[in-house]
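Asker: This one is data.cif, mmCIF, C-alpha atoms and all ligand atoms.
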```cif
data_my_file
loop_
_atom_site.label_atom_id
_atom_site.label_comp_id
_atom_site.auth_asym_id
_atom_site.auth_seq_id
_atom_site.Cartn_x
_atom_site.Cartn_y
_atom_site.Cartn_z
CA MET Q 1 12.37 -15.98 -3.75
CA GLY Q 2 11.58 -16.11 -0.07
CA SER Q 3 10.65 -12.46 0.02
CA ALA Q 4 7.19 -11.62 1.26
CA PRO Q 5 4.67 -10.83 -1.47
CA ALA Q 6 3.89 -7.15 -1.57
CA SER Q 7 0.51 -6.04 -0.44
CA GLU Q 8 -0.36 -3.76 -3.31
CA PRO Q 9 -0.23 -0.06 -2.57
CA ALA Q 10 -3.57 1.67 -2.91
CA THR Q 11 -4.09 3.07 -6.39
CA GLY Q 12 -3.02 6.66 -6.52
CA GLU Q 13 -0.36 6.28 -3.87
CA VAL Q 14 2.41 8.53 -5.13
CA HIS Q 15 5.51 7.72 -3.10
CA LEU Q 16 7.41 4.51 -2.65
CA ARG Q 17 7.08 2.58 0.56
CA PRO Q 18 9.85 3.21 3.09
CA GLY Q 19 11.54 -0.18 2.72
CA VAL Q 20 12.04 -0.09 -1.05
CA GLN Q 21 15.76 -0.27 -1.72
CA THR Q 22 16.16 -1.42 -5.30
CA ALA Q 23 14.63 -0.27 -8.56
CA VAL Q 24 14.76 -2.16 -11.85
CA LYS Q 25 13.42 -1.28 -15.27
CA LEU Q 26 11.97 -2.99 -18.29
CA LEU Q 27 11.18 -1.31 -21.59
CA VAL Q 28 7.91 -1.67 -23.48
CA VAL Q 29 8.59 -0.79 -27.09
CA GLY Q 30 6.92 -0.88 -30.48
CA HIS Q 31 5.67 1.27 -33.30
CA PHE Q 32 3.03 3.99 -33.09
CA ALA Q 33 -0.42 2.88 -31.81
CA VAL Q 34 0.70 -0.66 -31.01
CA GLY Q 35 -0.56 -0.35 -27.43
CA LYS Q 36 2.45 0.75 -25.34
CA THR Q 37 0.61 3.41 -23.35
CA THR Q 38 -2.32 1.05 -22.83
CA PHE Q 39 -0.01 -1.72 -21.61
CA VAL Q 40 1.86 0.48 -19.14
CA GLY Q 41 -1.43 1.93 -17.90
CA ALA Q 42 -2.97 -1.51 -17.34
CA LEU Q 43 -0.09 -2.55 -15.08
CA SER Q 44 0.93 0.57 -13.22
CA GLU Q 45 0.03 1.09 -9.57
CA ILE Q 46 0.48 4.82 -10.02
CA ARG Q 47 -1.29 7.06 -12.46
CA PRO Q 48 0.97 6.57 -15.49
CA LEU Q 49 3.31 9.45 -15.99
CA ARG Q 50 4.78 10.93 -19.10
CA THR Q 51 7.99 12.80 -19.55
CA GLU Q 52 10.12 13.66 -22.48
CA GLU Q 53 13.62 14.13 -23.71
CA VAL Q 54 14.56 16.87 -26.12
CA MET Q 55 16.70 16.00 -29.10
CA THR Q 56 18.04 17.69 -32.16
CA GLU Q 57 16.72 16.56 -35.52
CA ALA Q 58 20.11 14.97 -36.03
CA GLY Q 59 19.37 12.67 -33.11
CA ALA Q 60 21.61 14.07 -30.39
CA ILE Q 61 20.25 14.53 -26.89
CA VAL Q 62 20.09 18.24 -26.33
CA ASP Q 63 22.28 18.98 -23.36
CA ASP Q 64 23.16 22.52 -24.24
CA LEU Q 65 20.11 24.39 -23.04
CA ALA Q 66 21.48 27.73 -24.09
CA GLY Q 67 21.62 26.56 -27.67
CA MET Q 68 18.30 24.74 -27.69
CA THR Q 69 16.19 27.52 -29.04
CA ASP Q 70 18.50 27.95 -32.02
CA LYS Q 71 18.18 24.37 -33.15
CA THR Q 72 15.41 22.43 -34.69
CA THR Q 73 14.47 20.14 -31.86
CA THR Q 74 12.06 17.32 -31.39
CA THR Q 75 10.79 15.65 -28.27
CA VAL Q 76 10.56 11.95 -27.56
CA ALA Q 77 7.80 10.95 -25.18
CA LEU Q 78 8.41 8.42 -22.48
CA ASP Q 79 5.40 6.86 -20.74
CA PHE Q 80 6.10 5.10 -17.54
CA GLY Q 81 4.48 3.20 -14.74
CA ARG Q 82 5.47 1.49 -11.52
CA LEU Q 83 4.89 -1.89 -9.89
CA THR Q 84 6.02 -2.52 -6.33
CA LEU Q 85 7.03 -6.19 -6.44
CA ASN Q 86 7.89 -6.79 -2.80
CA ASP Q 87 8.77 -4.80 0.29
CA ARG Q 88 12.14 -3.77 -1.08
CA LEU Q 89 11.96 -4.06 -4.87
CA VAL Q 90 10.17 -1.85 -7.38
CA LEU Q 91 9.84 -2.34 -11.15
CA TYR Q 92 9.48 0.59 -13.53
CA LEU Q 93 8.08 0.12 -17.03
CA PHE Q 94 9.10 2.59 -19.71
CA GLY Q 95 7.05 2.72 -22.87
CA THR Q 96 8.72 4.34 -25.82
CA PRO Q 97 8.75 4.21 -29.61
CA GLY Q 98 11.77 2.41 -30.94
CA GLN Q 99 12.92 4.57 -33.77
CA GLN Q 100 16.41 4.31 -35.09
CA ARG Q 101 16.96 8.05 -35.16
CA PHE Q 102 16.47 8.24 -31.41
CA ALA Q 103 19.32 5.81 -30.80
CA PRO Q 104 21.29 8.13 -28.47
CA LEU Q 105 18.29 8.27 -26.17
CA TRP Q 106 18.17 4.54 -26.11
CA HIS Q 107 21.56 4.32 -24.50
CA ASP Q 108 20.24 6.25 -21.51
CA MET Q 109 17.02 4.27 -21.34
CA THR Q 110 18.57 0.86 -21.79
CA ARG Q 111 21.48 1.36 -19.39
CA GLY Q 112 20.78 -1.03 -16.54
CA ALA Q 113 17.50 -2.24 -18.11
CA LEU Q 114 16.77 -5.93 -17.61
CA GLY Q 115 15.23 -6.38 -21.05
CA ALA Q 116 12.45 -5.24 -23.36
CA LEU Q 117 9.00 -6.38 -24.38
CA VAL Q 118 8.29 -5.65 -28.04
CA LEU Q 119 4.60 -5.13 -28.71
CA ALA Q 120 3.56 -6.12 -32.24
CA ASP Q 121 0.35 -5.89 -34.24
CA THR Q 122 -0.44 -8.65 -36.76
CA ARG Q 123 -1.88 -6.05 -39.14
CA ARG Q 124 1.50 -4.32 -39.32
CA LEU Q 125 4.20 -6.83 -38.53
CA GLY Q 126 6.67 -5.13 -40.84
CA HIS Q 127 6.60 -2.07 -38.60
CA SER Q 128 8.27 -4.06 -35.83
CA PHE Q 129 11.55 -4.73 -37.61
CA GLU Q 130 13.03 -1.34 -36.87
CA VAL Q 131 12.63 -1.61 -33.11
CA MET Q 132 13.89 -5.20 -33.00
CA GLY Q 133 16.93 -4.05 -34.96
CA VAL Q 134 17.66 -1.30 -32.45
CA LEU Q 135 17.40 -3.74 -29.53
CA GLU Q 136 19.70 -6.20 -31.25
CA GLU Q 137 22.24 -3.47 -31.91
CA LEU Q 138 22.16 -2.47 -28.25
CA GLY Q 139 22.37 -6.09 -27.10
CA LEU Q 140 19.19 -5.80 -25.03
CA PRO Q 141 17.32 -9.12 -24.81
CA TYR Q 142 13.64 -9.04 -25.72
CA ALA Q 143 10.45 -11.04 -26.00
CA VAL Q 144 7.62 -10.27 -28.42
CA ALA Q 145 3.96 -9.92 -27.42
CA LEU Q 146 1.28 -9.80 -30.11
CA ASN Q 147 -1.27 -7.28 -29.02
CA GLN Q 148 -4.67 -8.63 -30.04
CA PHE Q 149 -6.69 -6.03 -31.84
CA ASP Q 150 -10.31 -6.94 -32.44
CA ASP Q 151 -10.20 -6.61 -36.21
CA ALA Q 152 -6.78 -8.22 -36.62
CA PRO Q 153 -6.62 -11.40 -38.66
CA ALA Q 154 -5.93 -14.51 -36.60
CA HIS Q 155 -2.52 -15.97 -37.37
CA GLU Q 156 -0.82 -19.01 -35.98
CA LEU Q 157 2.09 -18.06 -33.74
CA ASP Q 158 4.42 -20.14 -35.94
CA GLU Q 159 3.49 -18.07 -38.97
CA VAL Q 160 4.09 -14.86 -37.05
CA ARG Q 161 7.43 -16.15 -35.76
CA ASP Q 162 8.48 -16.81 -39.36
CA ALA Q 163 7.22 -13.45 -40.57
CA LEU Q 164 9.14 -11.64 -37.82
CA ASP Q 165 12.18 -13.83 -38.40
CA LEU Q 166 12.59 -14.44 -34.65
CA LEU Q 167 15.34 -16.56 -33.19
CA PRO Q 168 14.00 -19.92 -31.99
CA GLU Q 169 14.59 -18.96 -28.35
CA THR Q 170 12.85 -15.57 -28.52
CA PRO Q 171 9.52 -15.85 -26.68
CA LEU Q 172 6.42 -14.97 -28.70
CA VAL Q 173 3.14 -14.63 -26.81
CA ARG Q 174 -0.29 -13.12 -27.32
CA CYS Q 175 -1.55 -10.41 -25.05
CA ASP Q 176 -4.33 -7.91 -24.59
CA ALA Q 177 -2.69 -4.69 -23.50
CA ARG Q 178 -5.94 -3.54 -21.91
CA ASP Q 179 -6.00 -6.49 -19.53
CA ARG Q 180 -3.84 -6.48 -16.40
CA VAL Q 181 -3.55 -10.25 -16.09
CA SER Q 182 -2.80 -10.78 -19.77
CA SER Q 183 -0.18 -8.02 -19.71
CA THR Q 184 1.38 -9.43 -16.54
CA ARG Q 185 1.68 -12.82 -18.23
CA ALA Q 186 3.51 -11.23 -21.15
CA LEU Q 187 6.03 -9.68 -18.76
CA ILE Q 188 6.42 -13.02 -17.00
CA SER Q 189 7.34 -14.66 -20.34
CA LEU Q 190 10.01 -12.02 -20.81
CA VAL Q 191 11.51 -12.42 -17.34
CA GLU Q 192 11.47 -16.22 -17.56
CA TYR Q 193 13.42 -15.88 -20.79
CA LEU Q 194 15.91 -13.49 -19.17
CA LEU Q 195 16.53 -16.03 -16.43
CA THR Q 196 16.90 -18.89 -18.89
CA ARG Q 197 19.41 -16.89 -20.87
CA ILE Q 198 21.53 -16.29 -17.82
CA GLY Q 199 21.43 -19.93 -16.83
CA HIS Q 200 22.47 -20.76 -20.33
CA LEU Q 201 25.33 -18.30 -20.24
CA GLU Q 202 26.50 -19.61 -16.88
CA HIS Q 203 26.70 -23.15 -18.20
CA THR Q 204 28.64 -22.46 -21.36
CA MET C 1 -5.49 16.71 -20.99
CA THR C 2 -3.73 20.00 -20.74
CA ALA C 3 -2.91 21.93 -23.87
CA ARG C 4 0.49 21.18 -25.34
CA ARG C 5 2.95 23.84 -24.38
CA ARG C 6 4.91 25.24 -27.23
CA PRO C 7 8.41 23.78 -27.20
CA ALA C 8 10.06 27.17 -27.31
CA ASP C 9 8.27 28.25 -24.13
CA ARG C 10 9.32 25.13 -22.34
CA LEU C 11 12.92 25.41 -23.43
CA VAL C 12 13.18 28.96 -22.23
CA ARG C 13 11.68 27.94 -18.91
CA SER C 14 14.05 24.98 -18.65
CA TYR C 15 16.95 27.29 -19.25
CA VAL C 16 15.79 29.55 -16.45
CA VAL C 17 15.13 26.85 -13.84
CA THR C 18 18.62 25.42 -14.20
CA ASP C 19 20.30 28.85 -14.11
CA GLY C 20 21.42 28.29 -17.67
CA ARG C 21 23.38 25.14 -16.96
CA ALA C 22 22.53 21.98 -18.82
CA HIS C 23 25.09 19.49 -17.65
CA PRO C 24 24.26 17.87 -14.34
CA THR C 25 27.19 17.90 -11.96
CA ARG C 26 26.82 14.12 -11.71
CA ASN C 27 26.30 11.83 -14.65
CA THR C 28 25.50 8.78 -12.55
CA LEU C 29 21.78 9.54 -12.37
CA ASP C 30 19.64 6.89 -14.00
CA LEU C 31 15.92 7.12 -14.78
CA VAL C 32 15.27 4.74 -11.89
CA THR C 33 17.73 6.11 -9.36
CA LEU C 34 15.69 6.53 -6.17
CA LEU C 35 15.81 9.91 -4.45
CA VAL C 36 15.35 10.54 -0.75
CA VAL C 37 15.18 13.87 1.07
CA THR C 38 17.69 14.27 3.87
CA ASP C 39 16.37 15.53 7.19
CA ASP C 40 15.68 19.13 7.93
CA LEU C 41 18.02 21.06 5.69
CA PRO C 42 16.65 24.57 5.23
CA LEU C 43 15.26 25.39 1.78
CA THR C 44 16.49 28.95 1.95
CA GLY C 45 18.40 29.95 -1.14
CA LEU C 46 16.74 27.32 -3.34
CA ASN C 47 14.97 28.52 -6.45
CA PRO C 48 11.23 27.81 -6.79
CA GLU C 49 11.75 24.71 -8.97
CA LYS C 50 14.11 23.18 -6.45
CA ARG C 51 11.67 23.96 -3.65
CA ARG C 52 8.91 22.23 -5.62
CA LEU C 53 11.18 19.26 -6.13
CA MET C 54 11.94 19.09 -2.41
CA GLU C 55 8.24 19.36 -1.49
CA LEU C 56 7.46 16.58 -3.95
CA CYS C 57 10.10 14.25 -2.54
CA ARG C 58 9.59 14.99 1.16
CA PRO C 59 6.82 12.40 1.84
CA GLY C 60 8.83 9.48 0.46
CA ALA C 61 11.24 8.16 -2.15
CA LEU C 62 10.65 8.69 -5.88
CA SER C 63 12.66 7.82 -8.98
CA VAL C 64 14.33 10.42 -11.20
CA ALA C 65 11.74 9.65 -13.91
CA GLU C 66 8.83 10.20 -11.51
CA VAL C 67 10.25 13.52 -10.36
CA ALA C 68 10.53 14.67 -13.98
CA GLY C 69 6.99 13.45 -14.71
CA HIS C 70 5.38 15.07 -11.68
CA LEU C 71 7.16 18.37 -12.25
CA SER C 72 6.50 18.29 -16.04
CA LEU C 73 10.18 18.79 -16.80
CA PRO C 74 12.28 17.03 -19.44
CA VAL C 75 14.42 14.33 -17.81
CA SER C 76 17.64 16.14 -18.70
CA VAL C 77 16.48 19.27 -16.87
CA ALA C 78 15.24 17.37 -13.83
CA LYS C 79 18.66 15.72 -13.60
CA VAL C 80 20.40 19.09 -13.39
CA LEU C 81 18.19 20.16 -10.49
CA ILE C 82 18.58 16.82 -8.72
CA ALA C 83 22.35 16.83 -9.07
CA ASP C 84 22.47 20.32 -7.53
CA LEU C 85 20.31 19.20 -4.63
CA MET C 86 22.60 16.23 -4.09
CA ASP C 87 25.63 18.53 -4.09
CA SER C 88 23.98 20.77 -1.48
CA GLY C 89 23.09 17.76 0.68
CA HIS C 90 19.32 18.08 0.29
CA LEU C 91 18.88 14.78 -1.55
CA ILE C 92 20.58 11.43 -1.39
CA THR C 93 20.12 8.40 -3.63
CA ARG C 94 18.91 5.14 -2.23
CA ALA C 95 19.38 2.55 -4.95
CA PRO C 96 22.86 1.55 -5.88
CA ILE C 97 24.02 3.05 -9.16
CA PRO C 98 23.40 1.66 -11.69
CA ALA C 99 20.12 0.51 -10.27
CA ALA C 100 20.51 -3.15 -11.09
CA ARG C 101 22.99 -5.35 -12.80
CA PRO C 102 20.86 -6.90 -15.51
CA THR C 103 22.62 -10.22 -15.26
CA ASP C 104 21.87 -10.61 -11.58
CA ALA C 105 19.90 -13.87 -11.38
CA ARG C 106 18.71 -13.14 -7.87
CA ILE C 107 17.13 -9.86 -8.96
CA LEU C 108 15.51 -11.51 -11.99
CA GLN C 109 14.10 -14.29 -9.82
CA GLU C 110 12.67 -11.71 -7.42
CA VAL C 111 11.07 -9.85 -10.33
CA LEU C 112 9.58 -13.10 -11.61
CA ASP C 113 8.21 -14.04 -8.19
CA GLY C 114 6.76 -10.57 -7.74
CA LEU C 115 5.00 -10.69 -11.11
CA ARG C 116 3.64 -14.19 -10.52
CA ALA C 117 2.26 -13.09 -7.17
CA ARG C 118 0.13 -10.51 -8.97
CA LEU C 119 -1.76 -13.06 -11.06
N1 LIG Q 301 -8.83 -3.75 -29.38
C1 LIG Q 301 -7.71 -3.41 -28.77
N2 LIG Q 301 -7.34 -2.12 -28.77
C2 LIG Q 301 -6.19 -1.78 -28.15
C3 LIG Q 301 -5.38 -2.73 -27.50
N3 LIG Q 301 -4.28 -2.11 -27.01
C4 LIG Q 301 -4.42 -0.80 -27.32
N4 LIG Q 301 -5.57 -0.59 -28.00
C5 LIG Q 301 -6.03 0.70 -28.55
O1 LIG Q 301 -5.14 1.08 -29.58
C6 LIG Q 301 -4.91 2.49 -29.56
C7 LIG Q 301 -3.42 2.79 -29.45
O2 LIG Q 301 -2.94 2.36 -28.19
P1 LIG Q 301 -1.80 3.14 -27.40
O3 LIG Q 301 -1.63 2.41 -26.13
O4 LIG Q 301 -2.09 4.58 -27.32
O5 LIG Q 301 -0.57 2.88 -28.38
P2 LIG Q 301 0.93 3.47 -28.32
O6 LIG Q 301 1.02 4.50 -29.39
O7 LIG Q 301 1.80 2.31 -28.62
O8 LIG Q 301 1.15 4.04 -26.95
C8 LIG Q 301 -5.72 3.04 -28.40
O9 LIG Q 301 -6.91 3.55 -28.91
C9 LIG Q 301 -5.96 1.82 -27.52
O10 LIG Q 301 -7.16 1.92 -26.82
C10 LIG Q 301 -5.82 -4.09 -27.50
O11 LIG Q 301 -5.17 -4.98 -26.96
N5 LIG Q 301 -6.98 -4.39 -28.15
MG MG Q 302 1.70 6.00 -26.46
#
```
Just dump the structure as structure tokens.
Answerer:
Amino acid sequence: MGSAPASEPATGEVHLRPGVQTAVKLLVVGHFAVGKTTFVGALSEIRPLRTEEVMTEAGAIVDDLAGMTDKTTTTVALDFGRLTLNDRLVLYLFGTPGQQRFAPLWHDMTRGALGALVLADTRRLGHSFEVMGVLEELGLPYAVALNQFDDAPAHELDEVRDALDLLPETPLVRCDARDRVSSTRALISLVEYLLTRIGHLEHT
Amino acid sequence: MTARRRPADRLVRSYVVTDGRAHPTRNTLDLVTLLVVTDDLPLTGLNPEKRRLMELCRPGALSVAEVAGHLSLPVSVAKVLIADLMDSGHLITRAPIPAARPTDARILQEVLDGLRARL
């Protein structure tokens, strides 16, 4: 509000502009092959990056490097991208699978996060329950975006809402993760919802 | 695409670059904490990974996650190096910690305006 719109940094620019003071994050979550990496890549002003956390099979974040090689470990990939929103604010998007057994990792990722966008695929709606469950447990608000795959059957949004058992207030939108404008609109739905929620909380 | 490194190789390397320590000396570092190089501190005495980190950050601010991504290090390992460089005065953080209070309506409105401006 009132802040100058950012002139977009040239693609491939690596560092933040000098005036950027505040960083916020949103998560982009969903099951395997639902389009998380595609979504983050469509929106990011930097070449999307990937990093990882190392965990034990039991689901603890490995923070004892000396003992790491003795344990059976697994890595959780984290794709991320960046959008400079105005001269002083930057948004990071983190794309990650939402599996229950990685719950300890989620605490680190969700700390300070504004909310999450759950990507879902109408061919495999049942695969989305696990990630929605994790978000609910963590108390992180989310919206759902149906990623439109070409061969996916067309469903009415009402049917999908029922099938996913969403709360009436949870936004449900369609998006094409390959398309920057469509993906931006999905994020806008999420942030509008986050604002509405806060207004609601303030008035009760 | 580069070939996947074998986890064991990476873990051994991680262990070496952090001098065998795994716990960062600060636990306030978030994935989106912004890091800024302080002026003109000599890099003498820094190990090669810390020098790389300083070279990476010198041209401008980057988040903890970006530093880990660019250096191909797990986040937990990058945090150990960053915390050391903060302790030695080479790096400071720019964003308040934690980076944003999620219930801050002003921040949310700014995010919304910024996204709408991209359409
Ligand atoms: N037709 C179509 N294909 C998509 C869309 N989004 C992603 N894909 C494809 O689906 C596959 C999995 O996407 P990816 O982003 O890697 O999924 P992730 O595992 O959630 O990161 C890739 O081959 C993408 O090109 C979409 O909106 N429409
Ligand atoms: Mg992916």
Asker: Between Q:Gln148, Q:Thr75, Q:Asn86, Q:Ser183, which is the closest to ligand LIG 301 (chain Q) once you count only C-alpha atoms and all ligand atoms?
Answerer: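 Looking only at the distances to ligand LIG 301 (chain Q), the closest residue turns out to be Q:Gln148.
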Asker: List all protein, DNA and RNA residues that have any atom at most 10 Å from ligand LIG 301 (chain Q), counting all atoms listed in the file, and write the list as a CSV table (one decimal) with C-alpha atoms, in the coordinates of the input.
Answerer:
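Saved file selection-v8.csv follows:
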```csv
chain,number,residue,atom,x,y,z
Q,28,VAL,CA,7.9,-1.7,-23.5
Q,29,VAL,CA,8.6,-0.8,-27.1
Q,30,GLY,CA,6.9,-0.9,-30.5
Q,31,HIS,CA,5.7,1.3,-33.3
Q,32,PHE,CA,3.0,4.0,-33.1
Q,33,ALA,CA,-0.4,2.9,-31.8
Q,34,VAL,CA,0.7,-0.7,-31.0
Q,35,GLY,CA,-0.6,-0.4,-27.4
Q,36,LYS,CA,2.4,0.8,-25.3
Q,37,THR,CA,0.6,3.4,-23.4
Q,38,THR,CA,-2.3,1.0,-22.8
Q,39,PHE,CA,0.0,-1.7,-21.6
Q,40,VAL,CA,1.9,0.5,-19.1
Q,41,GLY,CA,-1.4,1.9,-17.9
Q,42,ALA,CA,-3.0,-1.5,-17.3
Q,77,ALA,CA,7.8,11.0,-25.2
Q,78,LEU,CA,8.4,8.4,-22.5
Q,79,ASP,CA,5.4,6.9,-20.7
Q,95,GLY,CA,7.0,2.7,-22.9
Q,96,THR,CA,8.7,4.3,-25.8
Q,97,PRO,CA,8.8,4.2,-29.6
Q,119,LEU,CA,4.6,-5.1,-28.7
Q,120,ALA,CA,3.6,-6.1,-32.2
Q,121,ASP,CA,0.4,-5.9,-34.2
Q,146,LEU,CA,1.3,-9.8,-30.1
Q,147,ASN,CA,-1.3,-7.3,-29.0
Q,148,GLN,CA,-4.7,-8.6,-30.0
Q,149,PHE,CA,-6.7,-6.0,-31.8
Q,150,ASP,CA,-10.3,-6.9,-32.4
Q,151,ASP,CA,-10.2,-6.6,-36.2
Q,152,ALA,CA,-6.8,-8.2,-36.6
Q,174,ARG,CA,-0.3,-13.1,-27.3
Q,175,CYS,CA,-1.6,-10.4,-25.0
Q,176,ASP,CA,-4.3,-7.9,-24.6
Q,177,ALA,CA,-2.7,-4.7,-23.5
Q,178,ARG,CA,-5.9,-3.5,-21.9
Q,179,ASP,CA,-6.0,-6.5,-19.5
Q,182,SER,CA,-2.8,-10.8,-19.8
Q,183,SER,CA,-0.2,-8.0,-19.7
```
Asker: Can you measure atom CA of Leu195 of chain Q to atom CA of Ala23 of chain Q for me? One decimal in Å is fine.
Answerer: 17.7 Å
Asker: In Å, rounded to a single decimal, give me how far atom CA of Met54 of chain C is from atom CA of Val14 of chain Q.
Answerer: 14.5 Å
Asker: From the set Q:His15, Q:Arg50, Q:His107, Q:Arg185, which residue has the shortest atom-to-atom contact distance to ligand MG 302 (chain Q), counting only C-alpha atoms and all ligand atoms?
Answerer: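 Among the listed residues, Q:Arg50 lies closest to ligand MG 302 (chain Q).
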Asker: With distances taken over all atoms listed in the file, which residue among Q:Tyr193, Q:Leu172, Q:Ala145, Q:Phe94 lies nearest ligand MG 302 (chain Q)?
Answerer: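 The answer is Q:Phe94, which sits nearest to ligand MG 302 (chain Q).
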Asker: So how many Å separate atom CA of Phe129 of chain Q and atom CA of Leu164 of chain Q, to one decimal?
Answerer: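 That distance, rounded to one decimal, is 7.3 Å.
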Asker: If you count only C-alpha atoms, which residues fall within 12 Å of Ser88 of chain C, apart from same-chain ones fewer than 3 positions away, as an MDAnalysis selection string?
Answerer: chainID C and resid 25 37:38 41:46 50 81:85 91:92
Asker: Around all the atoms of segment 30-40 of chain C listed in the file, with 6 Å of room on each side, what axis-aligned box do you get, giving centre and edge lengths in Å to one decimal, as JSON?
Answerer:
```
{"center_x": 17.4, "center_y": 11.9, "center_z": -3.4, "size_x": 16.5, "size_y": 26.4, "size_z": 34.7}
```
Asker: Please determine, counting only C-alpha atoms, which residue among Q:Ala163, Q:Val131, Q:Leu85, Q:Val118 has the shortest atom-to-atom distance to chain C.
Answerer: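 Counting only C-alpha atoms, the residue closest to chain C is Q:Leu85.
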Asker: Here is a test: counting only C-alpha atoms, which residue of C:Ile107, C:Gly60, C:Pro48, C:Thr93 is nearest to chain Q?
Answerer: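 Once distances to chain Q are computed over only C-alpha atoms, the minimum belongs to C:Gly60.
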